[in-house]
Amino acid sequence: ALLLALNTGMARKDLCGSGRHMLRRRDGKRRIVYARSKTGVEADLPLLPELEDALKHIPIDQHYFLPKEGSQEPYVVESFGNWFRDKCVQAGVPGSIHGLRKAGAARLALAGATENEIAAFLAHTDTSQASTYTKAANRSKLADSGFARLKNLSNSSELLDSEKE
C-alpha cells in the first residue's frame with residue numbers, strides 16, 4: 001500500500017480499485033494507467049522498479065492489488081484509510097494515504113519536476129495544487145544557492161556545538 005500510494009499518487013478511492021487491469025506496456029516499459037475517480041483525469045505513469053518489484057509478489061489470480069484482508073473484494077474507501085492508519089500505528093510511524101500522495105508530489109518537486117509534471121502525477125485538472133510543491137522545493141533550492149555565495153563565512157563557534165569532543 002505504501003509503495004503504491006507513494007509511487008502513483010493515487011487517492012484512497014483509486015487505490016481501493018487498483019489492480020492488474022491498470023497495468024500496460026508501452027515502448028517495452030511497464031506503466032500504470034487509470035482515470036482518477038474524483039476528476040476523471042487520466043494518469044499514465046511509469047512503473048518504478050521498487051513498485052514493480054512489490055507488485056510481482058501479488059498472486060496472479062488476485063484482481064485487486066489491495067483487497068480486504070482475507071478477501072478478494074476491494075476495501076470501502078473509509079475502511080481502507082482506517083486499515084492503513086492502523087498499520088502505521090502498529091509500525092510506530094505517522095502516516096496516512098493522503099500524506100503519501102503529498103509526499104510523492106513533494107519528492108517530484110524536490111527532484112526538479114515542473115508543475116505540469118506534478119499535476120500529471122496527481123491526475124489534477126490544473127497546476128494550482130502542484131505549484132504548492134514546486135514553490136516549497138524552489139525555496140529550499142534558492143536558500144542553498146544563496147548560501148553557497150557566502151563562501152568566506154564560517155560557522156566554527158564552539159558555543160553552537162551541542163556535543164563535546
# chains A, B, ... in the order shown; residues from 1 in each chain; ligands from 1
$ residues_around --residues "Gly19 (chain A)" --least-positions-apart "5" --cutoff "10 Å" --atoms "only C-alpha atoms" --output "PDB file with all heavy atoms, in the first residue's frame"
ATOM      1  N   ASP A  14      -9.074   5.548  -5.499  1.00  0.00           N
ATOM      2  CA  ASP A  14      -8.436   4.916  -6.651  1.00  0.00           C
ATOM      3  C   ASP A  14      -7.578   3.731  -6.224  1.00  0.00           C
ATOM      4  O   ASP A  14      -7.521   2.717  -6.929  1.00  0.00           O
ATOM      5  CB  ASP A  14      -7.618   5.945  -7.427  1.00  0.00           C
ATOM      6  CG  ASP A  14      -8.497   7.071  -7.942  1.00  0.00           C
ATOM      7  OD1 ASP A  14      -9.579   6.776  -8.479  1.00  0.00           O
ATOM      8  OD2 ASP A  14      -8.120   8.237  -7.786  1.00  0.00           O
ATOM      9  N   ILE A  32       1.417   2.167 -15.239  1.00  0.00           N
ATOM     10  CA  ILE A  32       0.139   2.030 -14.553  1.00  0.00           C
ATOM     11  C   ILE A  32      -0.743   3.175 -15.039  1.00  0.00           C
ATOM     12  O   ILE A  32      -0.345   4.344 -15.011  1.00  0.00           O
ATOM     13  CB  ILE A  32       0.316   1.992 -13.022  1.00  0.00           C
ATOM     14  CG1 ILE A  32      -0.974   1.579 -12.357  1.00  0.00           C
ATOM     15  CG2 ILE A  32       0.874   3.270 -12.471  1.00  0.00           C
ATOM     16  CD1 ILE A  32      -0.778   1.019 -10.958  1.00  0.00           C
ATOM     17  N   TYR A  34      -4.701   4.841 -15.125  1.00  0.00           N
ATOM     18  CA  TYR A  34      -6.038   4.866 -14.532  1.00  0.00           C
ATOM     19  C   TYR A  34      -6.629   6.253 -14.694  1.00  0.00           C
ATOM     20  O   TYR A  34      -5.913   7.217 -14.944  1.00  0.00           O
ATOM     21  CB  TYR A  34      -5.982   4.475 -13.037  1.00  0.00           C
ATOM     22  CG  TYR A  34      -5.406   5.548 -12.153  1.00  0.00           C
ATOM     23  CD1 TYR A  34      -6.240   6.395 -11.428  1.00  0.00           C
ATOM     24  CD2 TYR A  34      -4.033   5.743 -12.052  1.00  0.00           C
ATOM     25  CE1 TYR A  34      -5.714   7.394 -10.621  1.00  0.00           C
ATOM     26  CE2 TYR A  34      -3.501   6.735 -11.239  1.00  0.00           C
ATOM     27  CZ  TYR A  34      -4.345   7.560 -10.538  1.00  0.00           C
ATOM     28  OH  TYR A  34      -3.830   8.553  -9.743  1.00  0.00           O
ATOM     29  N   LEU A  55       4.797  -5.410  -6.712  1.00  0.00           N
ATOM     30  CA  LEU A  55       3.617  -5.970  -7.376  1.00  0.00           C
ATOM     31  C   LEU A  55       3.853  -7.398  -7.871  1.00  0.00           C
ATOM     32  O   LEU A  55       2.896  -8.166  -8.020  1.00  0.00           O
ATOM     33  CB  LEU A  55       3.185  -5.069  -8.538  1.00  0.00           C
ATOM     34  CG  LEU A  55       2.703  -3.670  -8.147  1.00  0.00           C
ATOM     35  CD1 LEU A  55       2.340  -2.864  -9.389  1.00  0.00           C
ATOM     36  CD2 LEU A  55       1.539  -3.721  -7.170  1.00  0.00           C
ATOM     37  N   ILE A  58       2.284 -10.156  -5.706  1.00  0.00           N
ATOM     38  CA  ILE A  58       0.829 -10.315  -5.623  1.00  0.00           C
ATOM     39  C   ILE A  58       0.438 -11.506  -6.496  1.00  0.00           C
ATOM     40  O   ILE A  58       0.834 -11.578  -7.669  1.00  0.00           O
ATOM     41  CB  ILE A  58       0.113  -9.027  -6.084  1.00  0.00           C
ATOM     42  CG1 ILE A  58       0.459  -7.891  -5.116  1.00  0.00           C
ATOM     43  CG2 ILE A  58      -1.389  -9.243  -6.164  1.00  0.00           C
ATOM     44  CD1 ILE A  58      -0.073  -6.544  -5.513  1.00  0.00           C
ATOM     45  N   GLN A  62      -5.137 -12.704  -8.174  1.00  0.00           N
ATOM     46  CA  GLN A  62      -5.702 -11.664  -7.308  1.00  0.00           C
ATOM     47  C   GLN A  62      -5.988 -10.434  -8.156  1.00  0.00           C
ATOM     48  O   GLN A  62      -5.079  -9.812  -8.696  1.00  0.00           O
ATOM     49  CB  GLN A  62      -4.724 -11.337  -6.179  1.00  0.00           C
ATOM     50  CG  GLN A  62      -5.252 -10.318  -5.195  1.00  0.00           C
ATOM     51  CD  GLN A  62      -4.286 -10.118  -4.037  1.00  0.00           C
ATOM     52  OE1 GLN A  62      -3.875 -11.075  -3.406  1.00  0.00           O
ATOM     53  NE2 GLN A  62      -3.921  -8.865  -3.792  1.00  0.00           N
ATOM     54  N   HIS A  63      -7.267 -10.090  -8.291  1.00  0.00           N
ATOM     55  CA  HIS A  63      -7.670  -8.990  -9.165  1.00  0.00           C
ATOM     56  C   HIS A  63      -7.225  -7.628  -8.627  1.00  0.00           C
ATOM     57  O   HIS A  63      -6.680  -6.813  -9.361  1.00  0.00           O
ATOM     58  CB  HIS A  63      -9.185  -9.011  -9.363  1.00  0.00           C
ATOM     59  CG  HIS A  63      -9.695  -7.914 -10.245  1.00  0.00           C
ATOM     60  ND1 HIS A  63      -9.438  -7.877 -11.597  1.00  0.00           N
ATOM     61  CD2 HIS A  63     -10.400  -6.799  -9.966  1.00  0.00           C
ATOM     62  CE1 HIS A  63      -9.985  -6.789 -12.115  1.00  0.00           C
ATOM     63  NE2 HIS A  63     -10.570  -6.120 -11.151  1.00  0.00           N
ATOM     64  N   TYR A  64      -7.461  -7.380  -7.337  1.00  0.00           N
ATOM     65  CA  TYR A  64      -7.120  -6.084  -6.742  1.00  0.00           C
ATOM     66  C   TYR A  64      -5.739  -6.154  -6.100  1.00  0.00           C
ATOM     67  O   TYR A  64      -5.370  -7.151  -5.516  1.00  0.00           O
ATOM     68  CB  TYR A  64      -8.158  -5.675  -5.696  1.00  0.00           C
ATOM     69  CG  TYR A  64      -9.517  -5.446  -6.286  1.00  0.00           C
ATOM     70  CD1 TYR A  64     -10.533  -6.376  -6.124  1.00  0.00           C
ATOM     71  CD2 TYR A  64      -9.787  -4.290  -7.018  1.00  0.00           C
ATOM     72  CE1 TYR A  64     -11.789  -6.167  -6.686  1.00  0.00           C
ATOM     73  CE2 TYR A  64     -11.032  -4.076  -7.581  1.00  0.00           C
ATOM     74  CZ  TYR A  64     -12.030  -5.020  -7.410  1.00  0.00           C
ATOM     75  OH  TYR A  64     -13.257  -4.813  -7.971  1.00  0.00           O
ATOM     76  N   PHE A  65      -5.002  -5.051  -6.178  1.00  0.00           N
ATOM     77  CA  PHE A  65      -3.691  -5.002  -5.527  1.00  0.00           C
ATOM     78  C   PHE A  65      -3.829  -5.011  -4.010  1.00  0.00           C
ATOM     79  O   PHE A  65      -3.001  -5.570  -3.306  1.00  0.00           O
ATOM     80  CB  PHE A  65      -2.913  -3.747  -5.946  1.00  0.00           C
ATOM     81  CG  PHE A  65      -2.458  -3.746  -7.374  1.00  0.00           C
ATOM     82  CD1 PHE A  65      -2.435  -2.559  -8.086  1.00  0.00           C
ATOM     83  CD2 PHE A  65      -2.030  -4.904  -8.007  1.00  0.00           C
ATOM     84  CE1 PHE A  65      -1.990  -2.532  -9.405  1.00  0.00           C
ATOM     85  CE2 PHE A  65      -1.592  -4.891  -9.320  1.00  0.00           C
ATOM     86  CZ  PHE A  65      -1.577  -3.696 -10.018  1.00  0.00           C
ATOM     87  N   LEU A  66      -4.887  -4.369  -3.499  1.00  0.00           N
ATOM     88  CA  LEU A  66      -5.060  -4.206  -2.052  1.00  0.00           C
ATOM     89  C   LEU A  66      -6.457  -4.650  -1.615  1.00  0.00           C
ATOM     90  O   LEU A  66      -7.262  -3.831  -1.152  1.00  0.00           O
ATOM     91  CB  LEU A  66      -4.839  -2.734  -1.669  1.00  0.00           C
ATOM     92  CG  LEU A  66      -3.505  -2.126  -2.080  1.00  0.00           C
ATOM     93  CD1 LEU A  66      -3.523  -0.614  -1.934  1.00  0.00           C
ATOM     94  CD2 LEU A  66      -2.386  -2.741  -1.269  1.00  0.00           C
ATOM     95  N   PRO A  67      -6.773  -5.942  -1.734  1.00  0.00           N
ATOM     96  CA  PRO A  67      -8.111  -6.386  -1.307  1.00  0.00           C
ATOM     97  C   PRO A  67      -8.226  -6.383   0.213  1.00  0.00           C
ATOM     98  O   PRO A  67      -7.223  -6.353   0.925  1.00  0.00           O
ATOM     99  CB  PRO A  67      -8.190  -7.810  -1.855  1.00  0.00           C
ATOM    100  CG  PRO A  67      -6.776  -8.280  -1.843  1.00  0.00           C
ATOM    101  CD  PRO A  67      -5.954  -7.054  -2.185  1.00  0.00           C
ATOM    102  N   PRO A  74     -12.676  -5.440  -2.906  1.00  0.00           N
ATOM    103  CA  PRO A  74     -11.975  -4.181  -2.612  1.00  0.00           C
ATOM    104  C   PRO A  74     -12.461  -3.577  -1.297  1.00  0.00           C
ATOM    105  O   PRO A  74     -13.570  -3.850  -0.841  1.00  0.00           O
ATOM    106  CB  PRO A  74     -12.364  -3.285  -3.787  1.00  0.00           C
ATOM    107  CG  PRO A  74     -13.682  -3.798  -4.231  1.00  0.00           C
ATOM    108  CD  PRO A  74     -13.647  -5.293  -3.987  1.00  0.00           C
TER     109      PRO A  74
END
$ select_by_dssp --residues "chain A" --states "alpha helix (DSSP H)" --output "number ranges by chain"
A: 2-8, 12-16, 49-55, 77-91, 97-110, 115-122, 128-148
$ write_last_selection --atoms "C-alpha atoms" --output "short mmCIF file (atom, residue, chain, number, x, y, z; two decimals), in the first residue's frame"
data_model
loop_
_atom_site.label_atom_id
_atom_site.label_comp_id
_atom_site.auth_asym_id
_atom_site.auth_seq_id
_atom_site.Cartn_x
_atom_site.Cartn_y
_atom_site.Cartn_z
CA LEU A 2 2.82 2.37 0.92
CA LEU A 3 4.72 1.88 -2.33
CA LEU A 4 1.58 2.00 -4.45
CA ALA A 5 0.40 5.28 -2.88
CA LEU A 6 3.84 6.92 -2.87
CA ASN A 7 4.75 5.94 -6.45
CA THR A 8 1.39 6.59 -8.11
CA ARG A 12 -7.70 6.35 -1.42
CA LYS A 13 -10.68 5.69 -3.69
CA ASP A 14 -8.44 4.92 -6.65
CA LEU A 15 -6.15 2.72 -4.56
CA CYS A 16 -9.15 0.65 -3.43
CA PRO A 49 11.31 -0.58 -10.21
CA GLU A 50 10.54 -0.58 -6.45
CA LEU A 51 6.80 -0.69 -7.14
CA GLU A 52 7.14 -3.24 -9.93
CA ASP A 53 9.11 -5.48 -7.57
CA ALA A 54 6.40 -5.21 -4.89
CA LEU A 55 3.62 -5.97 -7.38
CA VAL A 77 -12.68 3.93 0.97
CA GLU A 78 -13.10 4.82 4.66
CA SER A 79 -12.23 1.28 5.76
CA PHE A 80 -9.08 1.33 3.68
CA GLY A 81 -7.95 4.61 5.23
CA ASN A 82 -8.58 3.19 8.71
CA TRP A 83 -6.74 -0.05 7.84
CA PHE A 84 -3.70 1.92 6.64
CA ARG A 85 -3.70 4.20 9.68
CA ASP A 86 -3.90 1.13 11.96
CA LYS A 87 -0.91 -0.41 10.16
CA CYS A 88 1.05 2.83 10.66
CA VAL A 89 0.20 2.79 14.39
CA GLN A 90 1.32 -0.85 14.62
CA ALA A 91 4.59 0.07 12.90
CA ILE A 97 -2.63 7.64 2.41
CA HIS A 98 -3.15 11.32 1.65
CA GLY A 99 0.19 12.06 3.26
CA LEU A 100 1.87 9.60 0.89
CA ARG A 101 0.15 11.25 -2.08
CA LYS A 102 1.57 14.59 -0.92
CA ALA A 103 4.99 13.03 -0.27
CA GLY A 104 5.09 11.68 -3.82
CA ALA A 105 4.35 15.14 -5.20
CA ALA A 106 6.95 16.75 -2.91
CA ARG A 107 9.52 14.15 -3.96
CA LEU A 108 8.95 15.04 -7.61
CA ALA A 109 9.21 18.77 -6.87
CA LEU A 110 12.48 18.33 -4.99
CA GLU A 115 4.09 21.94 -12.09
CA ASN A 116 2.64 20.20 -15.14
CA GLU A 117 4.60 17.04 -14.36
CA ILE A 118 3.36 17.03 -10.78
CA ALA A 119 -0.23 17.69 -11.88
CA ALA A 120 0.05 14.71 -14.24
CA PHE A 121 1.28 12.55 -11.35
CA LEU A 122 -1.62 13.68 -9.13
CA SER A 128 -2.68 25.17 -8.90
CA GLN A 129 -2.05 22.48 -6.27
CA ALA A 130 1.17 21.39 -7.94
CA SER A 131 2.53 24.91 -7.53
CA THR A 132 2.43 24.40 -3.74
CA TYR A 133 5.04 21.68 -4.06
CA THR A 134 7.28 23.46 -6.57
CA LYS A 135 7.27 26.68 -4.51
CA ALA A 136 8.39 24.83 -1.38
CA ALA A 137 11.08 22.93 -3.30
CA ASN A 138 12.28 26.12 -5.00
CA ARG A 139 12.56 27.96 -1.66
CA SER A 140 14.88 25.28 -0.36
CA LYS A 141 16.98 25.25 -3.53
CA LEU A 142 17.13 29.05 -3.63
CA ALA A 143 18.28 29.17 0.00
CA ASP A 144 21.01 26.62 -0.78
CA SER A 145 22.22 28.52 -3.83
CA GLY A 146 22.10 31.82 -1.91
CA PHE A 147 24.15 30.45 0.97
CA ALA A 148 26.63 28.92 -1.47
#
$ atom_distance --atom1 "CA of His124 (chain A)" --atom2 "CA of Ser96 (chain A)"
19.7 Å
$ residues_around --residues "Val41 (chain A)" --least-positions-apart "3" --cutoff "6 Å" --atoms "only C-alpha atoms" --output "PDB file with C-alpha atoms, in the first residue's frame"
ATOM      1  CA  ALA A  35      -8.602   7.660 -14.557  1.00  0.00           C
ATOM      2  CA  ARG A  36      -8.846   9.440 -11.219  1.00  0.00           C
ATOM      3  CA  ALA A 123      -4.148  13.444 -12.018  1.00  0.00           C
TER       4      ALA A 123
END
$ select_by_dssp --residues "chain A" --states "strand (DSSP E)" --output "count of residues only"
16
$ atom_distance --atom1 "CA of Lys29 (chain A)" --atom2 "CA of Ala43 (chain A)"
15.6 Å
$ decode --residues "region 83-97 of chain A" --atoms "N, CA and C atoms" --output "JSON list (two decimals), in the first residue's frame"
[["chain", "number", "residue", "atom", "x", "y", "z"],
["A", 83, "TRP", "N", -7.66, 1.10, 7.86],
["A", 83, "TRP", "CA", -6.74, -0.05, 7.84],
["A", 83, "TRP", "C", -5.29, 0.46, 7.74],
["A", 84, "PHE", "N", -5.06, 1.41, 6.83],
["A", 84, "PHE", "CA", -3.70, 1.92, 6.64],
["A", 84, "PHE", "C", -3.22, 2.66, 7.89],
["A", 85, "ARG", "N", -4.08, 3.48, 8.47],
["A", 85, "ARG", "CA", -3.70, 4.20, 9.68],
["A", 85, "ARG", "C", -3.37, 3.21, 10.81],
["A", 86, "ASP", "N", -4.17, 2.15, 10.94],
["A", 86, "ASP", "CA", -3.90, 1.13, 11.96],
["A", 86, "ASP", "C", -2.55, 0.46, 11.73],
["A", 87, "LYS", "N", -2.21, 0.20, 10.48],
["A", 87, "LYS", "CA", -0.91, -0.41, 10.16],
["A", 87, "LYS", "C", 0.23, 0.54, 10.52],
["A", 88, "CYS", "N", 0.03, 1.84, 10.30],
["A", 88, "CYS", "CA", 1.05, 2.83, 10.66],
["A", 88, "CYS", "C", 1.23, 2.86, 12.17],
["A", 89, "VAL", "N", 0.12, 2.81, 12.93],
["A", 89, "VAL", "CA", 0.20, 2.79, 14.39],
["A", 89, "VAL", "C", 0.96, 1.56, 14.85],
["A", 90, "GLN", "N", 0.63, 0.39, 14.27],
["A", 90, "GLN", "CA", 1.32, -0.85, 14.62],
["A", 90, "GLN", "C", 2.82, -0.75, 14.34],
["A", 91, "ALA", "N", 3.18, -0.07, 13.26],
["A", 91, "ALA", "CA", 4.59, 0.07, 12.90],
["A", 91, "ALA", "C", 5.28, 1.19, 13.69],
["A", 92, "GLY", "N", 4.49, 1.96, 14.42],
["A", 92, "GLY", "CA", 5.07, 3.05, 15.21],
["A", 92, "GLY", "C", 5.51, 4.24, 14.38],
["A", 93, "VAL", "N", 4.84, 4.45, 13.25],
["A", 93, "VAL", "CA", 5.19, 5.57, 12.38],
["A", 93, "VAL", "C", 3.94, 6.41, 12.10],
["A", 94, "PRO", "N", 4.12, 7.71, 11.88],
["A", 94, "PRO", "CA", 2.97, 8.52, 11.48],
["A", 94, "PRO", "C", 2.65, 8.21, 10.02],
["A", 95, "GLY", "N", 1.43, 8.41, 9.63],
["A", 95, "GLY", "CA", 1.16, 8.20, 8.21],
["A", 95, "GLY", "C", -0.30, 8.17, 7.85],
["A", 96, "SER", "N", -0.56, 8.53, 6.61],
["A", 96, "SER", "CA", -1.89, 8.44, 6.02],
["A", 96, "SER", "C", -1.70, 8.29, 4.52],
["A", 97, "ILE", "N", -2.71, 7.78, 3.86],
["A", 97, "ILE", "CA", -2.63, 7.64, 2.41],
["A", 97, "ILE", "C", -2.50, 9.01, 1.76]]
